[in-house]
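Student: Please find start_8.txt (compact mmCIF, C-alpha atoms) on the next line:
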```
# COMPACT_ATOMS: atom_id res chain seq x y z
CA MET T 1 -28.35 -73.89 -20.60
CA GLU T 2 -27.42 -70.34 -20.06
CA THR T 3 -27.96 -68.95 -16.59
CA PHE T 4 -29.43 -65.53 -15.89
CA ALA T 5 -26.08 -64.28 -14.60
CA SER T 6 -24.20 -65.39 -17.70
CA ALA T 7 -26.81 -63.71 -19.91
CA LEU T 8 -26.06 -60.41 -18.16
CA THR T 9 -22.40 -60.70 -19.10
CA ASP T 10 -23.10 -61.52 -22.76
CA THR T 11 -22.12 -58.61 -25.00
CA THR T 12 -25.16 -58.89 -27.23
CA TRP T 13 -28.66 -60.24 -26.91
CA SER T 14 -31.12 -61.13 -29.63
CA PRO T 15 -32.63 -57.94 -31.06
CA TYR T 16 -36.07 -59.40 -30.30
CA THR T 17 -35.25 -59.86 -26.61
CA VAL T 18 -34.02 -56.27 -26.52
CA GLY T 19 -37.02 -54.96 -28.47
CA ILE T 20 -39.58 -56.79 -26.37
CA GLY T 21 -37.76 -55.54 -23.27
CA ILE T 22 -37.99 -51.93 -24.49
CA GLY T 23 -41.68 -52.49 -25.32
CA ILE T 24 -42.39 -53.71 -21.78
CA LEU T 25 -40.35 -50.80 -20.40
CA SER T 26 -42.67 -48.46 -22.31
CA TRP T 27 -45.71 -50.01 -20.58
CA LEU T 28 -44.13 -49.38 -17.18
CA SER T 29 -43.11 -45.87 -18.12
CA PHE T 30 -46.71 -45.02 -19.07
CA LEU T 31 -48.17 -46.79 -16.05
CA ILE T 32 -45.78 -45.53 -13.36
CA SER T 33 -44.66 -42.13 -14.65
CA GLY T 34 -47.45 -41.37 -17.11
CA LYS T 35 -44.87 -40.52 -19.77
CA PRO T 36 -43.53 -42.04 -22.96
CA ILE T 37 -39.79 -42.73 -23.26
CA ALA T 38 -38.11 -39.87 -25.13
CA THR T 39 -34.73 -38.16 -25.05
CA SER T 40 -34.13 -35.27 -27.43
CA THR T 41 -35.71 -32.37 -25.48
CA THR T 42 -33.08 -33.01 -22.82
CA PHE T 43 -30.33 -31.96 -25.24
CA ALA T 44 -32.22 -28.73 -25.93
CA ARG T 45 -32.55 -28.12 -22.17
CA ALA T 46 -28.82 -28.81 -21.76
CA GLY T 47 -28.07 -26.22 -24.46
CA GLY T 48 -30.30 -23.68 -22.75
CA MET T 49 -28.70 -24.37 -19.37
CA ILE T 50 -25.23 -23.83 -20.86
CA GLU T 51 -26.42 -20.55 -22.38
CA GLN T 52 -27.88 -19.60 -19.00
CA MET T 53 -24.50 -20.25 -17.34
CA ILE T 54 -22.80 -17.99 -19.87
CA ARG T 55 -25.37 -15.23 -20.40
CA GLY T 56 -27.32 -15.48 -17.18
CA GLU T 57 -31.09 -15.37 -16.78
CA LYS T 58 -31.59 -13.67 -20.16
CA ALA T 59 -31.22 -17.06 -21.84
CA LYS T 60 -34.42 -18.24 -20.17
CA GLN T 61 -36.38 -15.61 -22.08
CA ARG T 62 -35.90 -17.27 -25.42
CA PRO T 63 -39.41 -18.33 -26.43
CA TYR T 64 -38.27 -21.89 -27.04
CA TYR T 65 -36.73 -22.22 -23.59
CA GLU T 66 -39.85 -20.72 -22.03
CA LYS T 67 -41.79 -23.41 -23.81
CA ILE T 68 -39.67 -26.43 -22.81
CA LYS T 69 -38.54 -24.99 -19.41
CA LEU T 70 -34.91 -25.22 -18.38
CA LEU T 71 -34.99 -27.69 -15.52
CA ILE T 72 -33.70 -31.12 -14.58
CA ASN T 73 -36.81 -33.24 -15.03
CA TRP T 74 -37.88 -36.84 -15.53
CA GLN T 75 -36.50 -37.03 -19.07
CA TRP T 76 -33.16 -35.52 -18.01
CA MET T 77 -32.80 -38.29 -15.46
CA LEU T 78 -33.78 -40.85 -18.07
CA VAL T 79 -30.94 -39.71 -20.36
CA ILE T 80 -28.46 -39.86 -17.46
CA GLY T 81 -29.81 -43.34 -16.77
CA VAL T 82 -29.16 -44.43 -20.36
CA VAL T 83 -25.49 -43.47 -19.98
CA ILE T 84 -25.28 -45.44 -16.71
CA GLY T 85 -27.20 -48.46 -18.00
CA SER T 86 -25.08 -48.74 -21.13
CA PHE T 87 -21.93 -48.32 -19.03
CA ILE T 88 -23.04 -51.15 -16.70
CA SER T 89 -23.85 -53.50 -19.58
CA ALA T 90 -20.62 -52.65 -21.43
CA SER T 91 -18.50 -53.04 -18.30
CA ILE T 92 -19.86 -56.37 -17.11
CA SER T 93 -19.60 -57.81 -20.62
CA GLY T 94 -16.05 -56.55 -21.16
CA ASP T 95 -17.17 -54.32 -24.03
CA PHE T 96 -16.33 -50.89 -22.57
CA GLN T 97 -14.30 -49.08 -25.23
CA VAL T 98 -11.11 -47.35 -24.18
CA GLY T 99 -9.49 -44.81 -26.49
CA VAL T 100 -11.78 -45.47 -29.47
CA TRP T 101 -12.17 -42.27 -31.47
CA VAL T 102 -12.97 -43.77 -34.86
CA PRO T 103 -15.60 -46.50 -35.38
CA SER T 104 -14.31 -49.33 -37.57
CA LEU T 105 -16.93 -48.92 -40.33
CA TRP T 106 -15.96 -45.25 -40.61
CA SER T 107 -12.22 -46.02 -40.70
CA SER T 108 -12.75 -48.69 -43.38
CA ALA T 109 -13.86 -45.91 -45.71
CA PHE T 110 -12.19 -42.75 -44.41
CA GLY T 111 -9.14 -43.89 -42.46
CA ASP T 112 -8.39 -43.51 -38.77
CA ASN T 113 -7.93 -39.75 -38.48
CA ALA T 114 -9.65 -38.89 -35.18
CA LEU T 115 -9.90 -35.19 -35.96
CA LEU T 116 -11.79 -35.81 -39.20
CA ARG T 117 -14.21 -38.17 -37.48
CA VAL T 118 -14.87 -35.73 -34.61
CA PHE T 119 -15.37 -32.85 -37.06
CA VAL T 120 -17.89 -34.88 -39.05
CA ALA T 121 -19.59 -35.94 -35.78
CA VAL T 122 -20.05 -32.27 -34.85
CA ILE T 123 -21.65 -31.53 -38.22
CA GLY T 124 -23.86 -34.62 -37.97
CA GLY T 125 -24.78 -33.73 -34.40
CA ILE T 126 -25.82 -30.20 -35.37
CA LEU T 127 -28.13 -31.53 -38.09
CA LEU T 128 -29.47 -34.22 -35.75
CA GLY T 129 -30.15 -31.87 -32.85
CA PHE T 130 -31.70 -29.25 -35.10
CA GLY T 131 -33.80 -31.84 -36.93
CA ALA T 132 -34.96 -33.52 -33.71
CA ARG T 133 -36.35 -30.27 -32.31
CA PHE T 134 -37.76 -29.29 -35.72
CA ALA T 135 -39.60 -32.61 -35.96
CA GLY T 136 -40.62 -32.49 -32.28
CA GLY T 137 -38.94 -35.78 -31.42
CA CYS T 138 -36.26 -38.32 -32.22
CA THR T 139 -35.84 -42.03 -32.82
CA SER T 140 -37.09 -42.78 -29.31
CA GLY T 141 -39.82 -40.15 -28.84
CA HIS T 142 -41.26 -40.44 -32.35
CA GLY T 143 -39.63 -43.65 -33.60
CA ILE T 144 -40.60 -45.94 -30.71
CA SER T 145 -42.93 -44.19 -28.23
CA GLY T 146 -44.92 -42.25 -30.84
CA THR T 147 -45.32 -45.02 -33.37
CA LEU T 148 -46.44 -47.49 -30.69
CA GLN T 149 -49.20 -45.02 -29.78
CA LEU T 150 -50.12 -44.85 -33.49
CA ALA T 151 -49.47 -41.11 -33.65
CA VAL T 152 -49.66 -39.81 -37.23
CA SER T 153 -46.86 -37.27 -36.56
CA SER T 154 -44.61 -40.06 -35.32
CA TRP T 155 -45.20 -42.50 -38.19
CA ILE T 156 -44.45 -39.77 -40.74
CA SER T 157 -41.35 -38.74 -38.77
CA ALA T 158 -40.06 -42.30 -38.34
CA ILE T 159 -40.40 -42.91 -42.08
CA PHE T 160 -38.53 -39.73 -42.97
CA PHE T 161 -35.82 -40.36 -40.33
CA PHE T 162 -34.98 -43.51 -42.25
CA VAL T 163 -35.54 -42.10 -45.73
CA GLY T 164 -33.13 -39.25 -44.95
CA GLY T 165 -30.73 -41.57 -43.13
CA ILE T 166 -30.64 -44.31 -45.77
CA ILE T 167 -30.09 -41.90 -48.66
CA THR T 168 -27.39 -39.97 -46.78
CA ALA T 169 -25.55 -43.10 -45.60
CA HIS T 170 -25.42 -44.38 -49.18
CA ILE T 171 -24.09 -41.03 -50.43
CA ILE T 172 -21.43 -41.02 -47.68
CA PHE T 173 -20.23 -44.57 -48.28
CA PHE T 174 -20.78 -45.02 -52.02
CA VAL T 175 -20.40 -41.55 -53.51
CA ILE T 176 -18.07 -39.60 -51.21
CA ALA T 177 -15.92 -42.54 -50.02
CA MET P 1 -54.85 -16.29 3.58
CA LYS P 2 -55.48 -17.85 7.02
CA GLU P 3 -52.69 -19.60 8.87
CA SER P 4 -54.37 -23.00 8.50
CA GLU P 5 -54.86 -22.50 4.78
CA LYS P 6 -51.21 -21.62 4.41
CA GLU P 7 -50.26 -24.86 6.11
CA VAL P 8 -52.50 -26.87 3.82
CA SER P 9 -51.09 -25.24 0.70
CA ALA P 10 -47.53 -25.75 1.96
CA LYS P 11 -48.33 -29.39 2.56
CA THR P 12 -49.74 -29.90 -0.93
CA LYS P 13 -46.73 -28.14 -2.36
CA ASN P 14 -44.42 -30.49 -0.46
CA ALA P 15 -46.45 -33.45 -1.62
CA VAL P 16 -46.15 -32.32 -5.23
CA GLU P 17 -42.41 -31.79 -4.84
CA SER P 18 -41.76 -35.18 -3.28
CA GLU P 19 -43.94 -36.80 -5.92
CA ASP P 20 -41.78 -35.09 -8.54
CA LYS P 21 -38.61 -36.17 -6.78
CA ARG P 22 -39.82 -39.76 -6.73
CA ASN P 23 -40.62 -39.48 -10.42
CA LEU P 24 -37.05 -38.30 -11.08
CA PHE P 25 -35.79 -41.56 -9.59
CA TYR P 26 -38.23 -43.54 -11.71
CA GLY P 27 -36.91 -41.67 -14.75
CA LEU P 28 -33.36 -42.60 -13.78
CA GLY P 29 -34.39 -46.23 -13.33
CA PHE P 30 -36.19 -46.41 -16.67
CA GLY P 31 -33.13 -44.83 -18.28
CA ILE P 32 -30.76 -47.39 -16.75
CA VAL P 33 -32.83 -50.29 -18.09
CA PHE P 34 -33.22 -48.56 -21.47
CA GLY P 35 -29.46 -47.94 -21.72
CA PHE P 36 -28.68 -51.50 -20.64
CA LEU P 37 -30.98 -52.88 -23.34
CA LEU P 38 -29.67 -50.51 -26.03
CA HIS P 39 -26.15 -51.71 -25.34
CA LYS P 40 -27.17 -55.39 -25.33
CA GLY P 41 -28.81 -54.79 -28.70
CA GLY P 42 -25.67 -53.25 -30.15
CA ALA P 43 -27.55 -49.98 -30.73
CA THR P 44 -24.92 -47.94 -28.88
CA LYS P 45 -22.49 -48.58 -31.73
CA TYR P 46 -21.90 -46.47 -34.86
CA ASP P 47 -21.13 -49.61 -36.87
CA VAL P 48 -24.51 -51.20 -36.11
CA ILE P 49 -26.55 -48.02 -36.70
CA VAL P 50 -24.83 -47.07 -39.95
CA ALA P 51 -24.97 -50.68 -41.22
CA GLN P 52 -28.75 -50.43 -40.77
CA LEU P 53 -28.83 -47.23 -42.82
CA LEU P 54 -26.66 -48.96 -45.47
CA LEU P 55 -29.19 -51.83 -45.36
CA THR P 56 -26.50 -54.43 -44.61
CA ASP P 57 -27.60 -55.22 -41.03
CA PHE P 58 -31.20 -55.01 -39.81
CA THR P 59 -30.57 -55.13 -36.05
CA VAL P 60 -31.82 -51.60 -35.41
CA LEU P 61 -35.07 -52.18 -37.28
CA GLN P 62 -35.57 -55.54 -35.54
CA ILE P 63 -35.19 -53.87 -32.14
CA MET P 64 -37.47 -50.96 -33.02
CA LEU P 65 -40.22 -53.02 -34.64
CA SER P 66 -40.37 -55.59 -31.84
CA ALA P 67 -40.42 -52.77 -29.27
CA VAL P 68 -43.23 -51.00 -31.14
CA ALA P 69 -45.36 -54.15 -31.53
CA THR P 70 -44.91 -55.13 -27.87
CA GLY P 71 -45.42 -51.60 -26.63
CA MET P 72 -48.50 -50.99 -28.78
CA VAL P 73 -50.44 -54.00 -27.47
CA GLY P 74 -49.74 -53.18 -23.83
CA VAL P 75 -50.25 -49.44 -24.09
CA TYR P 76 -53.56 -49.77 -25.96
CA PHE P 77 -54.68 -52.45 -23.50
CA MET P 78 -53.92 -50.13 -20.57
CA LYS P 79 -55.66 -47.28 -22.38
CA SER P 80 -58.80 -49.40 -22.90
CA MET P 81 -58.78 -50.23 -19.17
CA GLY P 82 -58.58 -46.53 -18.37
CA TRP P 83 -55.23 -46.95 -16.57
CA ILE P 84 -53.25 -44.55 -18.74
CA LYS P 85 -53.69 -41.65 -21.15
CA LEU P 86 -51.88 -41.50 -24.46
CA SER P 87 -49.34 -38.75 -25.00
CA ILE P 88 -49.58 -37.86 -28.69
CA LYS P 89 -47.24 -35.29 -30.23
CA SER P 90 -48.92 -32.79 -32.52
CA GLY P 91 -47.43 -32.54 -35.93
CA SER P 92 -47.41 -30.88 -39.30
CA VAL P 93 -46.06 -31.69 -42.73
CA GLY P 94 -43.31 -29.11 -42.18
CA MET P 95 -42.20 -30.61 -38.88
CA ASN P 96 -42.54 -34.28 -39.65
CA VAL P 97 -41.40 -34.35 -43.28
CA LEU P 98 -38.78 -31.58 -43.44
CA GLY P 99 -37.64 -31.75 -39.80
CA ALA P 100 -37.45 -35.54 -39.81
CA SER P 101 -35.51 -35.54 -43.10
CA ILE P 102 -32.94 -33.14 -41.63
CA PHE P 103 -32.76 -35.44 -38.62
CA GLY P 104 -32.21 -38.38 -40.98
CA VAL P 105 -29.25 -36.67 -42.66
CA GLY P 106 -27.73 -35.99 -39.24
CA PHE P 107 -28.49 -39.57 -38.16
CA ALA P 108 -26.34 -40.92 -41.02
CA VAL P 109 -23.54 -38.33 -40.70
CA LEU P 110 -23.21 -38.73 -36.93
CA GLY P 111 -24.08 -42.43 -36.78
CA TYR P 112 -25.93 -42.07 -33.48
CA CYS P 113 -29.28 -40.57 -32.45
CA PRO P 114 -30.10 -38.68 -29.24
CA GLY P 115 -30.95 -41.83 -27.24
CA THR P 116 -28.23 -44.05 -28.62
CA ILE P 117 -25.55 -41.38 -28.24
CA ALA P 118 -26.22 -41.38 -24.50
CA GLY P 119 -25.67 -45.14 -24.74
CA ALA P 120 -22.53 -44.64 -26.85
CA VAL P 121 -21.19 -42.28 -24.17
CA GLY P 122 -21.71 -45.02 -21.56
CA ASN P 123 -20.08 -47.49 -23.94
CA GLY P 124 -16.96 -45.28 -24.06
CA TYR P 125 -16.95 -44.11 -27.69
CA LEU P 126 -14.94 -40.89 -27.76
CA ASP P 127 -16.36 -39.50 -31.03
CA ALA P 128 -19.78 -39.60 -29.33
CA ILE P 129 -18.57 -38.09 -26.05
CA THR P 130 -16.84 -35.16 -27.77
CA GLY P 131 -18.03 -34.10 -31.24
CA GLY P 132 -21.36 -35.92 -31.20
CA LEU P 133 -22.66 -34.53 -27.91
CA ALA P 134 -21.36 -31.04 -28.63
CA GLY P 135 -22.92 -31.07 -32.09
CA ILE P 136 -26.36 -32.19 -30.88
CA VAL P 137 -26.49 -29.56 -28.14
CA LEU P 138 -25.33 -26.92 -30.63
CA GLY P 139 -27.99 -28.01 -33.13
CA THR P 140 -30.79 -27.70 -30.57
CA TRP P 141 -29.47 -24.28 -29.59
CA ILE P 142 -29.52 -23.10 -33.21
CA PHE P 143 -33.12 -24.31 -33.33
CA ALA P 144 -33.94 -22.37 -30.16
CA ILE P 145 -32.53 -19.20 -31.74
CA MET P 146 -34.47 -19.72 -34.97
CA TYR P 147 -37.66 -20.88 -33.25
CA PRO P 148 -39.42 -17.46 -33.19
CA ASN P 149 -39.00 -17.28 -36.98
CA LEU P 150 -40.04 -20.88 -37.59
CA LYS P 151 -42.97 -21.39 -35.27
CA ASP P 152 -45.66 -19.61 -37.26
CA GLY P 153 -44.19 -20.46 -40.64
CA ILE P 154 -42.74 -23.79 -41.70
CA LEU P 155 -43.55 -25.55 -38.40
CA LYS P 156 -47.25 -24.80 -38.96
CA LYS P 157 -47.23 -25.76 -42.64
CA GLY P 158 -49.73 -28.58 -43.16
CA TYR P 159 -50.64 -28.66 -39.46
CA PHE P 160 -52.71 -31.68 -38.42
CA GLY P 161 -52.34 -31.68 -34.63
CA ASP P 162 -52.26 -34.62 -32.24
CA LEU P 163 -53.90 -37.08 -34.56
CA THR P 164 -53.74 -40.87 -34.16
CA LEU P 165 -54.29 -43.42 -36.92
CA PRO P 166 -57.52 -44.76 -35.30
CA GLY P 167 -58.70 -41.14 -34.96
CA LEU P 168 -57.85 -40.38 -38.58
CA LEU P 169 -59.63 -43.49 -39.85
CA LYS P 170 -62.48 -43.03 -37.31
CA VAL P 171 -62.35 -46.67 -36.23
CA ASN P 172 -61.98 -48.56 -32.95
CA ASP P 173 -58.37 -48.61 -31.68
CA TRP P 174 -58.03 -52.38 -32.09
CA MET P 175 -59.03 -52.14 -35.76
CA VAL P 176 -55.64 -50.47 -36.25
CA VAL P 177 -53.59 -52.16 -33.51
CA ALA P 178 -54.33 -55.69 -34.76
CA PRO P 179 -53.35 -55.11 -38.41
CA ALA P 180 -50.36 -52.95 -37.39
CA VAL P 181 -48.96 -55.67 -35.11
CA THR P 182 -49.63 -58.30 -37.78
CA LEU P 183 -47.85 -56.22 -40.39
CA ILE P 184 -44.85 -55.67 -38.10
CA VAL P 185 -44.58 -59.41 -37.38
CA LEU P 186 -44.77 -60.15 -41.12
CA VAL P 187 -42.04 -57.61 -41.88
CA LEU P 188 -39.85 -59.18 -39.17
CA PHE P 189 -40.40 -62.66 -40.65
CA TRP P 190 -39.62 -61.29 -44.09
CA ILE P 191 -36.37 -59.74 -42.83
CA GLU P 192 -35.43 -63.10 -41.24
CA SER P 193 -36.29 -65.16 -44.30
CA ALA P 194 -34.40 -62.79 -46.60
CA GLY P 195 -31.39 -63.45 -44.36
CA LEU P 196 -30.79 -59.76 -43.74
```
Would you write the structure of this file as structure tokens?
Tutor:
Amino acid sequence: METFASALTDTTWSPYTVGIGIGILSWLSFLISGKPIATSTTFARAGGMIEQMIRGEKAKQRPYYEKIKLLINWQWMLVIGVVIGSFISASISGDFQVGVWVPSLWSSAFGDNALLRVFVAVIGGILLGFGARFAGGCTSGHGISGTLQLAVSSWISAIFFFVGGIITAHIIFFVIA
Amino acid sequence: MKESEKEVSAKTKNAVESEDKRNLFYGLGFGIVFGFLLHKGGATKYDVIVAQLLLTDFTVLQIMLSAVATGMVGVYFMKSMGWIKLSIKSGSVGMNVLGASIFGVGFAVLGYCPGTIAGAVGNGYLDAITGGLAGIVLGTWIFAIMYPNLKDGILKKGYFGDLTLPGLLKVNDWMVVAPAVTLIVLVLFWIESAGL
């Protein structure tokens, strides 16, 4: 039988173990912090903070930044935590990737040119960041936390995240490739 | 303001600040567990996320659906006990159909989403650390610039507010939670039995 310690060093767990774990985490997050797990506003705050560093206090006057407030808050720390948590899991399971610029599924269709992959990642990121703020949430805020609260906005969003994603992925891999 | 009143208000202010500071640590802790689980699920990897969108690997959906079913039961239980309040995002057709579709396109092109890219960064993927992060921040910034022109137009189109499914159907919460959880479990069984 597997011990607890050896489970921690496994690279992957059953998706159900992971999902139930995230579900329980969402209970604790509501109970202890009074907040649902979400991430995408943090990227908008980061953008505003960068603009503030470059342009000074004027950046804060953008109506959107006045609305979301440019500060390091609970969600900011959560996103930092995700980086750390993933790093810990990857490190102790020997799965930390060194020097990987091109994911293997991408290279199977488009080759291993790092510059091309990074360029496409920038384009994808712009659409993702823009869309997340347009929709008012992302795969965690709408897709998990919102749907589990049975929010109408979140169920519609989650469905269209996947509709848009599934169609686009098929175009990328079966039409363009 | 009297001296004593000043002291009291300073004390409450300190209390609020330390409460906030404590909450920042909780946020960090929740994030660490979330990131750890995302990595264990394989959701910090482009290959796993895009394979889901290509419908060749259903790991991402299995994680999300089991999280939603588990979360829903507990959160609605805690709500019925009066321990917590829900935090419902308001929405509109413009936001949640158009915005989410744009997000979906980006999701497939990038191969990560905002939560999983933080995980991909921790996992060491360099396309995520460089182009992906930069792109997402840039995209939110473009939104911030366009926001004054969007907020009273497309973002308000088909506005329905912070509606929940039980609220929409005007039924008791559990009349929706029970069938929703049942449906999710059935879908998960169906995915398993189809060998996806």
Student: Record the distance separating atom CA of T:Ile144 and atom CA of P:Val68, expressed in Å with one decimal.
Tutor: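 Going from atom CA of T:Ile144 over to atom CA of P:Val68, I get 5.7 Å.
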Student: Could you work out how far atom CA of P:Phe30 lies from atom CA of T:Val82, giving the answer in Å with one decimal?
Tutor: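 Taking atom CA of T:Val82 as the start and atom CA of P:Phe30 as the end point, the length is 8.2 Å.
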Student: So which one's closest to T:Leu78, P:Ala67, P:Ile32, P:Leu55, P:Leu196? Using all atoms listed in the file, please.
Tutor: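 Nearest to T:Leu78: P:Ile32.
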Student: Expressed in Å to a single decimal, how great is the separation between atom CA of T:Gly129 and atom CA of P:Leu155?
Tutor: 15.8 Å
Student: Of the candidates P:Val105, P:Leu54, P:Leu165, P:Val171, which one gets nearest to T:Trp155 if we count all atoms listed in the file?
Tutor: P:Leu165
Student: Please provide the set of residues having any atom within 12 Å of T:Ser153, restricted to all atoms listed in the file, with same-chain residues fewer than 4 positions apart removed, written as a PyMOL selection string.
Tutor: (chain T and resi 135-138+141-143+145-149+157-160) or (chain P and resi 87-97+99-100+158-165+168)
Student: Using all atoms listed in the file, find the one residue out of P:Pro114, P:Gly195, P:Gly82, P:Gly153 that sits nearest to chain T.
Tutor: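 Under the stated criterion, the closest residue is P:Pro114.
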Student: Can you pull out every residue within 12 Å of T:Lys67, counting all atoms listed in the file, but drop anything in the same chain fewer than 4 positions away, and send it as a PDB file with C-alpha atoms, in the coordinates of the input?
Tutor:
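Listing of selection_1.pdb after writing:
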```pdb
ATOM      1  CA  THR T  41     -35.710 -32.370 -25.480  1.00  0.00           C
ATOM      2  CA  ALA T  44     -32.220 -28.730 -25.930  1.00  0.00           C
ATOM      3  CA  ARG T  45     -32.550 -28.120 -22.170  1.00  0.00           C
ATOM      4  CA  GLY T  48     -30.300 -23.680 -22.750  1.00  0.00           C
ATOM      5  CA  LYS T  60     -34.420 -18.240 -20.170  1.00  0.00           C
ATOM      6  CA  GLN T  61     -36.380 -15.610 -22.080  1.00  0.00           C
ATOM      7  CA  ARG T  62     -35.900 -17.270 -25.420  1.00  0.00           C
ATOM      8  CA  PRO T  63     -39.410 -18.330 -26.430  1.00  0.00           C
ATOM      9  CA  LEU T  71     -34.990 -27.690 -15.520  1.00  0.00           C
TER      10      LEU T  71
ATOM     11  CA  ALA P 144     -33.940 -22.370 -30.160  1.00  0.00           C
ATOM     12  CA  TYR P 147     -37.660 -20.880 -33.250  1.00  0.00           C
ATOM     13  CA  PRO P 148     -39.420 -17.460 -33.190  1.00  0.00           C
ATOM     14  CA  LYS P 151     -42.970 -21.390 -35.270  1.00  0.00           C
TER      15      LYS P 151
END
```
Student: Counting all atoms listed in the file, figure out which residue out of T:Asn113, T:Ser107, T:Ser33, T:Ser6 gets nearest to chain P.
Tutor: T:Ser33
